[in-house]
>>> print(open('run00.tsv').read())   # TSV, C-alpha atoms and all ligand atoms
chain	number	residue	atom	x	y	z
A	19	MET	CA	-0.66	105.19	-21.68
A	20	LYS	CA	-1.62	102.69	-18.97
A	21	ASN	CA	0.92	100.19	-20.32
A	22	LEU	CA	3.65	102.81	-20.18
A	23	LYS	CA	2.89	103.42	-16.48
A	24	TYR	CA	3.18	99.66	-15.80
A	25	LEU	CA	6.45	99.52	-17.71
A	26	ILE	CA	7.91	102.43	-15.70
A	27	SER	CA	6.86	100.80	-12.41
A	28	LEU	CA	8.43	97.53	-13.56
A	29	ILE	CA	11.71	99.23	-14.44
A	30	ILE	CA	11.77	101.10	-11.09
A	31	GLY	CA	11.10	97.82	-9.26
A	32	HIS	CA	13.93	96.05	-11.06
A	33	LEU	CA	16.32	98.94	-10.43
A	34	THR	CA	15.51	98.79	-6.71
A	35	VAL	CA	16.21	95.06	-6.62
A	36	PHE	CA	19.44	95.55	-8.57
A	37	LYS	CA	20.57	98.32	-6.21
A	38	HIS	CA	20.19	96.00	-3.21
A	39	ILE	CA	22.15	93.11	-4.73
A	40	PHE	CA	25.40	94.86	-3.79
A	41	LYS	CA	24.33	95.98	-0.33
A	42	LYS	CA	24.94	94.11	2.93
A	43	PRO	CA	21.82	92.15	3.97
A	44	VAL	CA	19.85	93.69	6.84
A	45	THR	CA	18.55	90.32	8.04
A	46	LEU	CA	20.36	87.34	9.56
A	47	GLU	CA	19.97	83.64	8.92
A	48	TYR	CA	18.55	83.00	12.37
A	49	PRO	CA	19.04	80.69	14.27
A	50	GLU	CA	22.39	79.83	12.63
A	51	LYS	CA	23.50	83.44	12.99
A	52	LYS	CA	22.62	85.71	15.87
A	53	ILE	CA	22.97	89.43	16.44
A	54	GLU	CA	25.27	90.86	19.06
A	55	LEU	CA	23.12	92.25	21.81
A	56	ASN	CA	23.57	95.51	23.65
A	57	ASP	CA	24.91	95.15	27.23
A	58	LYS	CA	21.68	96.63	28.53
A	59	PHE	CA	19.48	94.05	26.79
A	60	ARG	CA	16.73	92.80	29.10
A	61	GLY	CA	16.26	89.05	28.77
A	62	GLU	CA	15.49	86.19	31.15
A	63	HIS	CA	16.07	86.96	34.83
A	64	ALA	CA	18.77	85.67	37.16
A	65	PHE	CA	18.62	85.73	40.93
A	66	ASP	CA	21.31	85.87	43.61
A	67	VAL	CA	19.56	84.33	46.58
A	68	GLU	CA	22.43	85.24	48.94
A	69	LYS	CA	21.81	88.95	48.42
A	70	CYS	CA	18.01	88.86	48.70
A	71	THR	CA	16.41	89.92	52.00
A	72	ALA	CA	12.86	89.19	50.82
A	73	CYS	CA	12.05	92.90	51.26
A	74	GLY	CA	9.42	92.78	48.52
A	75	THR	CA	10.52	95.96	46.71
A	76	CYS	CA	10.74	94.13	43.37
A	77	GLN	CA	7.17	92.93	43.82
A	78	ARG	CA	5.91	96.43	44.62
A	79	VAL	CA	7.60	98.12	41.65
A	80	CYS	CA	6.56	95.43	39.17
A	81	PRO	CA	3.86	96.93	36.93
A	82	SER	CA	2.48	93.53	36.02
A	83	PHE	CA	0.57	92.35	39.07
A	84	GLY	CA	1.28	88.78	40.18
A	85	THR	CA	4.47	88.31	38.16
A	86	ILE	CA	6.80	88.06	41.16
A	87	GLU	CA	5.93	85.75	44.04
A	88	ILE	CA	7.96	85.69	47.24
A	89	GLU	CA	7.62	83.37	50.20
A	90	LYS	CA	9.75	84.72	53.01
A	91	GLU	CA	11.02	83.12	56.15
A	92	LYS	CA	13.34	84.03	59.05
A	93	ASP	CA	16.67	82.29	59.55
A	94	GLU	CA	18.18	81.35	62.92
A	95	ASN	CA	19.52	84.93	63.30
A	96	GLY	CA	16.08	86.44	62.76
A	97	LYS	CA	16.89	87.71	59.26
A	98	PHE	CA	14.42	87.31	56.44
A	99	TYR	CA	15.37	85.29	53.38
A	100	PRO	CA	13.39	84.10	50.34
A	101	LYS	CA	12.30	80.52	50.94
A	102	ASN	CA	10.67	80.63	47.53
A	103	TYR	CA	10.90	83.19	44.78
A	104	SER	CA	9.48	83.07	41.27
A	105	ILE	CA	9.05	85.27	38.22
A	106	ASP	CA	6.29	84.38	35.79
A	107	LEU	CA	7.42	85.25	32.28
A	108	ASN	CA	3.87	84.75	31.01
A	109	LYS	CA	3.08	88.04	32.75
A	110	CYS	CA	6.43	89.86	32.72
A	111	ILE	CA	6.83	92.78	30.31
A	112	PHE	CA	10.65	92.89	30.71
A	113	CYS	CA	10.59	96.50	31.92
A	114	GLY	CA	13.58	95.97	34.23
A	115	ASN	CA	12.04	97.70	37.27
A	116	CYS	CA	12.77	94.74	39.55
A	117	VAL	CA	16.46	94.95	38.62
A	118	GLN	CA	16.65	98.71	38.88
A	119	TYR	CA	14.93	99.06	42.25
A	120	CYS	CA	16.27	96.03	44.14
A	121	PRO	CA	18.28	97.68	46.95
A	122	PHE	CA	20.72	94.75	47.10
A	123	GLY	CA	21.33	93.98	43.43
A	124	ALA	CA	19.86	90.53	43.82
A	125	ILE	CA	18.12	90.43	40.43
A	126	LYS	CA	19.82	90.73	37.07
A	127	MET	CA	18.65	90.23	33.53
A	128	THR	CA	20.55	87.94	31.20
A	129	GLN	CA	20.85	88.11	27.43
A	130	ASN	CA	18.74	85.02	26.95
A	131	TYR	CA	15.80	85.85	24.69
A	132	GLU	CA	15.07	82.40	23.29
A	133	LEU	CA	12.23	81.70	25.68
A	134	ALA	CA	9.53	80.22	23.48
A	135	ASP	CA	8.05	77.04	24.90
A	136	GLU	CA	5.05	74.80	24.34
A	137	LYS	CA	4.05	74.85	28.01
A	138	LYS	CA	3.07	77.98	29.90
A	139	SER	CA	4.22	76.40	33.15
A	140	THR	CA	7.85	76.32	31.95
A	141	LEU	CA	7.76	80.09	31.67
A	142	LYS	CA	7.28	80.45	35.38
A	143	LEU	CA	10.87	80.72	36.58
A	144	GLU	CA	11.17	79.09	39.99
A	145	ILE	CA	13.92	79.92	42.47
A	146	ASN	CA	16.27	77.12	41.35
A	147	THR	CA	16.05	78.12	37.69
A	148	LEU	CA	16.68	81.74	38.61
A	149	LYS	CA	19.66	80.74	40.77
A	150	ARG	CA	21.06	78.59	37.95
A	151	ASN	CA	20.68	81.51	35.54
A	152	TYR	CA	22.75	83.59	37.93
A	153	PHE	CA	25.57	81.05	38.11
A	154	ASP	CA	25.51	80.32	34.37
A	155	ASN	CA	25.16	83.87	33.05
A	156	ILE	CA	26.29	86.40	35.64
A	157	ILE	CA	29.02	84.83	37.78
A	158	ASP	CA	30.69	83.03	34.85
A	159	LYS	CA	31.06	86.29	32.89
B	201	LIG	S1	15.11	90.57	44.95
B	201	LIG	FE1	15.74	92.53	45.84
B	201	LIG	S2	13.90	93.78	45.90
B	201	LIG	FE2	13.24	91.65	45.58
B	201	LIG	S3	12.81	90.87	47.61
B	201	LIG	FE3	14.93	90.34	47.15
B	201	LIG	S4	16.16	92.04	48.00
B	201	LIG	FE4	14.03	92.74	47.87
B	202	LIG	S1	10.97	92.99	34.40
B	202	LIG	FE1	9.27	94.37	34.99
B	202	LIG	S2	7.44	93.16	34.61
B	202	LIG	FE2	9.14	91.71	34.63
B	202	LIG	S3	9.24	90.97	36.72
B	202	LIG	FE3	10.64	92.71	36.59
B	202	LIG	S4	9.43	94.47	37.21
B	202	LIG	FE4	7.98	92.85	36.74
>>> encode(input="run00.tsv", output="structure tokens")
Amino acid sequence: MKNLKYLISLIIGHLTVFKHIFKKPVTLEYPEKKIELNDKFRGEHAFDVEKCTACGTCQRVCPSFGTIEIEKEKDENGKFYPKNYSIDLNKCIFCGNCVQYCPFGAIKMTQNYELADEKKSTLKLEINTLKRNYFDNIIDK
């Protein structure tokens, strides 16, 4: 009786495998093949320094304390601008609040999700990296 149960399970298992031979695979051979991402995908950030007024809204709406750092300064016309700006991806939860609430559309999120690195320090995106991301991923598209 026990052996019969094993035999039935074995047959069911084989039938399941056989059924899937003719189906399209649900996985991809990453990294050779990559999925097409949704337009709203939230990946690495990009920053348009020209639009930023260093108002600090992004910092205030960020739920992960200490992720965004802004050093502001006044220009010759008395207007604030970000002398330094960084986003620490070690702390970021990719919620998109900074993008959504920036009153000037200065922050965007790119489709770059391949962010793994050996050093934690590389994951802190400094102003120049963020600016480059903007030119490479937002303006060029
Ligand atoms: S990125 Fe936007 S919300 Fe953040 S400081 Fe600059 S203007 Fe303000
Ligand atoms: S995506 Fe969310 S967690 Fe990351 S920096 Fe923006 S507001 Fe903060």
>>> atom_distance(input="run00.tsv", atom1="atom FE4 of ligand LIG 201 (chain B)", atom2="CA of Cys120 in chain A")
5.5 Å
>>> residues_near_ligand(input="run00.tsv", ligand="ligand LIG 201 (chain B)", cutoff="6 Å", atoms="all atoms listed in the file", output="PyMOL selection string")
chain A and resi 70-76+120-122+124-125
>>> residues_near_point(input="run00.tsv", point="(17.9, 88.7, 43.3)", cutoff="7 Å", atoms="all atoms listed in the file", output="list of chain:residue names")
A:Ala64, A:Phe65, A:Asp66, A:Val67, A:Lys69, A:Cys70, A:Gly123, A:Ala124, A:Ile125, A:Lys126
>>> residues_around(input="run00.tsv", residues="range 109-113 of chain A", least_positions_apart="3", cutoff="12 Å", atoms="only C-alpha atoms", output="ChimeraX atom specification")
/A:58-63,76-77,79-87,104-106,116-119,126-131,138-139,141-143
>>> closest_residue(input="run00.tsv", among="A:Lys42, A:Asn115, A:Leu107, A:Lys52", to="Arg78 in chain A", atoms="only C-alpha atoms")
A:Asn115
>>> atom_distance(input="run00.tsv", atom1="CA of Ile145 in chain A", atom2="CA of Glu89 in chain A")
10.6 Å
>>> atom_distance(input="run00.tsv", atom1="CA of Lys149 in chain A", atom2="CA of Lys101 in chain A")
12.6 Å
>>> closest_residue(input="run00.tsv", among="A:Asn95, A:Asn21, A:Asn151, A:Asn108", to="ligand LIG 202 (chain B)", atoms="all atoms listed in the file")
A:Asn108
>>> closest_residue(input="run00.tsv", among="A:Pro43, A:Gly114, A:Gly96, A:Pro49", to="ligand LIG 202 (chain B)", atoms="all atoms listed in the file")
A:Gly114
>>> closest_residue(input="run00.tsv", among="A:Glu94, A:Lys137, A:Val35, A:Ile88", to="ligand LIG 202 (chain B)", atoms="all atoms listed in the file")
A:Ile88
>>> axis_aligned_box(input="run00.tsv", around="ligand LIG 202 (chain B)", padding_each_side="8 Å", output="JSON")
{"center_x": 9.2, "center_y": 92.7, "center_z": 35.8, "size_x": 19.5, "size_y": 19.5, "size_z": 18.8}
>>> closest_residue(input="run00.tsv", among="A:Ile39, A:Tyr103, A:Ile53, A:Leu25", to="ligand LIG 202 (chain B)", atoms="all atoms listed in the file")
A:Tyr103
>>> decode(input="run00.tsv", residues="range 22-158 of chain A", atoms="C-alpha atoms", output="CSV table (one decimal), in the first residue's frame")
chain,number,residue,atom,x,y,z
A,22,LEU,CA,1.6,2.3,-4.3
A,23,LYS,CA,1.4,5.8,-2.7
A,24,TYR,CA,5.1,6.4,-3.6
A,25,LEU,CA,4.5,5.2,-7.2
A,26,ILE,CA,1.5,7.6,-7.6
A,27,SER,CA,3.5,10.5,-6.3
A,28,LEU,CA,6.3,9.6,-8.7
A,29,ILE,CA,3.9,9.5,-11.6
A,30,ILE,CA,2.4,12.8,-10.6
A,31,GLY,CA,5.8,14.4,-10.3
A,32,HIS,CA,6.9,13.2,-13.7
A,33,LEU,CA,3.6,14.4,-15.3
A,34,THR,CA,4.2,17.8,-13.8
A,35,VAL,CA,7.7,18.0,-15.2
A,36,PHE,CA,6.5,16.7,-18.6
A,37,LYS,CA,3.7,19.4,-18.7
A,38,HIS,CA,6.3,22.2,-18.2
A,39,ILE,CA,8.6,21.0,-20.9
A,40,PHE,CA,6.3,22.7,-23.5
A,41,LYS,CA,5.7,25.8,-21.6
A,42,LYS,CA,7.6,29.1,-21.9
A,43,PRO,CA,10.2,29.4,-19.1
A,44,VAL,CA,9.3,31.8,-16.3
A,45,THR,CA,13.0,32.6,-15.5
A,46,LEU,CA,15.6,34.4,-17.5
A,47,GLU,CA,19.3,33.6,-18.1
A,48,TYR,CA,20.4,36.6,-16.1
A,49,PRO,CA,22.7,38.5,-16.7
A,50,GLU,CA,22.8,37.6,-20.4
A,51,LYS,CA,19.1,38.3,-20.7
A,52,LYS,CA,17.2,41.0,-18.8
A,53,ILE,CA,13.6,41.7,-18.2
A,54,GLU,CA,11.9,44.8,-19.6
A,55,LEU,CA,11.2,47.1,-16.7
A,56,ASN,CA,8.0,49.1,-16.1
A,57,ASP,CA,8.4,52.9,-16.8
A,58,LYS,CA,7.6,53.5,-13.1
A,59,PHE,CA,10.5,51.3,-11.9
A,60,ARG,CA,12.4,52.9,-9.0
A,61,GLY,CA,16.1,52.4,-9.4
A,62,GLU,CA,19.2,54.4,-8.8
A,63,HIS,CA,18.6,58.2,-8.5
A,64,ALA,CA,19.6,61.0,-10.8
A,65,PHE,CA,19.8,64.7,-9.9
A,66,ASP,CA,19.3,67.8,-11.9
A,67,VAL,CA,21.4,70.3,-10.0
A,68,GLU,CA,20.1,73.3,-12.1
A,69,LYS,CA,16.6,72.7,-10.8
A,70,CYS,CA,17.4,72.2,-7.2
A,71,THR,CA,16.9,75.1,-4.7
A,72,ALA,CA,18.2,73.2,-1.7
A,73,CYS,CA,14.8,73.6,-0.1
A,74,GLY,CA,15.2,70.3,1.8
A,75,THR,CA,11.8,68.9,1.1
A,76,CYS,CA,13.3,65.6,-0.2
A,77,GLN,CA,15.2,65.3,3.1
A,78,ARG,CA,12.0,65.9,5.2
A,79,VAL,CA,9.9,63.4,3.3
A,80,CYS,CA,12.5,60.7,3.3
A,81,PRO,CA,11.4,58.0,5.7
A,82,SER,CA,14.9,56.7,6.1
A,83,PHE,CA,16.7,59.2,8.3
A,84,GLY,CA,20.1,60.4,7.2
A,85,THR,CA,19.8,59.0,3.6
A,86,ILE,CA,19.8,62.5,1.9
A,87,GLU,CA,22.5,65.0,2.9
A,88,ILE,CA,22.3,68.6,1.5
A,89,GLU,CA,24.9,71.3,2.0
A,90,LYS,CA,23.4,74.6,0.8
A,91,GLU,CA,24.9,77.8,-0.1
A,92,LYS,CA,23.8,81.2,-1.6
A,93,ASP,CA,24.9,82.3,-5.0
A,94,GLU,CA,25.7,85.9,-6.0
A,95,ASN,CA,22.0,86.7,-6.5
A,96,GLY,CA,21.2,85.5,-3.0
A,97,LYS,CA,19.5,82.3,-4.2
A,98,PHE,CA,20.2,79.0,-2.5
A,99,TYR,CA,21.7,76.1,-4.4
A,100,PRO,CA,23.1,72.7,-3.4
A,101,LYS,CA,26.8,72.9,-2.9
A,102,ASN,CA,26.8,69.3,-2.0
A,103,TYR,CA,24.0,66.7,-2.3
A,104,SER,CA,24.2,63.0,-1.6
A,105,ILE,CA,21.9,60.0,-1.4
A,106,ASP,CA,23.1,57.0,0.6
A,107,LEU,CA,21.8,53.8,-1.0
A,108,ASN,CA,22.9,51.8,2.0
A,109,LYS,CA,20.0,53.5,3.8
A,110,CYS,CA,17.5,54.2,1.0
A,111,ILE,CA,14.4,52.0,0.7
A,112,PHE,CA,13.6,53.2,-2.9
A,113,CYS,CA,10.2,54.5,-1.8
A,114,GLY,CA,10.3,57.3,-4.3
A,115,ASN,CA,9.1,60.0,-1.9
A,116,CYS,CA,12.0,62.3,-2.8
A,117,VAL,CA,11.0,62.2,-6.4
A,118,GLN,CA,7.3,62.6,-5.8
A,119,TYR,CA,7.6,65.6,-3.4
A,120,CYS,CA,10.4,67.6,-4.9
A,121,PRO,CA,8.6,70.8,-6.0
A,122,PHE,CA,11.0,71.4,-8.9
A,123,GLY,CA,11.4,67.9,-10.3
A,124,ALA,CA,15.1,67.9,-9.6
A,125,ILE,CA,15.3,64.2,-8.6
A,126,LYS,CA,14.4,61.3,-10.8
A,127,MET,CA,14.8,57.6,-10.5
A,128,THR,CA,16.6,55.6,-13.3
A,129,GLN,CA,16.1,52.0,-14.3
A,130,ASN,CA,19.5,51.0,-13.0
A,131,TYR,CA,19.1,48.2,-10.5
A,132,GLU,CA,22.5,46.6,-10.7
A,133,LEU,CA,23.9,48.3,-7.7
A,134,ALA,CA,25.7,45.5,-5.8
A,135,ASP,CA,29.2,46.5,-4.8
A,136,GLU,CA,31.9,45.3,-2.5
A,137,LYS,CA,32.3,48.6,-0.8
A,138,LYS,CA,29.6,50.4,1.2
A,139,SER,CA,31.2,53.7,0.4
A,140,THR,CA,30.4,53.3,-3.3
A,141,LEU,CA,26.7,53.1,-2.5
A,142,LYS,CA,26.8,56.7,-1.3
A,143,LEU,CA,25.9,58.6,-4.4
A,144,GLU,CA,27.7,62.0,-4.3
A,145,ILE,CA,26.5,65.0,-6.3
A,146,ASN,CA,28.7,64.3,-9.4
A,147,THR,CA,27.5,60.7,-9.7
A,148,LEU,CA,23.9,61.9,-9.4
A,149,LYS,CA,24.5,64.6,-12.0
A,150,ARG,CA,26.1,62.0,-14.3
A,151,ASN,CA,23.1,59.7,-13.8
A,152,TYR,CA,20.9,62.5,-14.9
A,153,PHE,CA,22.8,63.2,-18.1
A,154,ASP,CA,23.3,59.5,-18.9
A,155,ASN,CA,19.8,58.3,-18.2
A,156,ILE,CA,17.3,61.1,-18.2
A,157,ILE,CA,18.4,63.7,-20.7
A,158,ASP,CA,19.7,61.2,-23.3
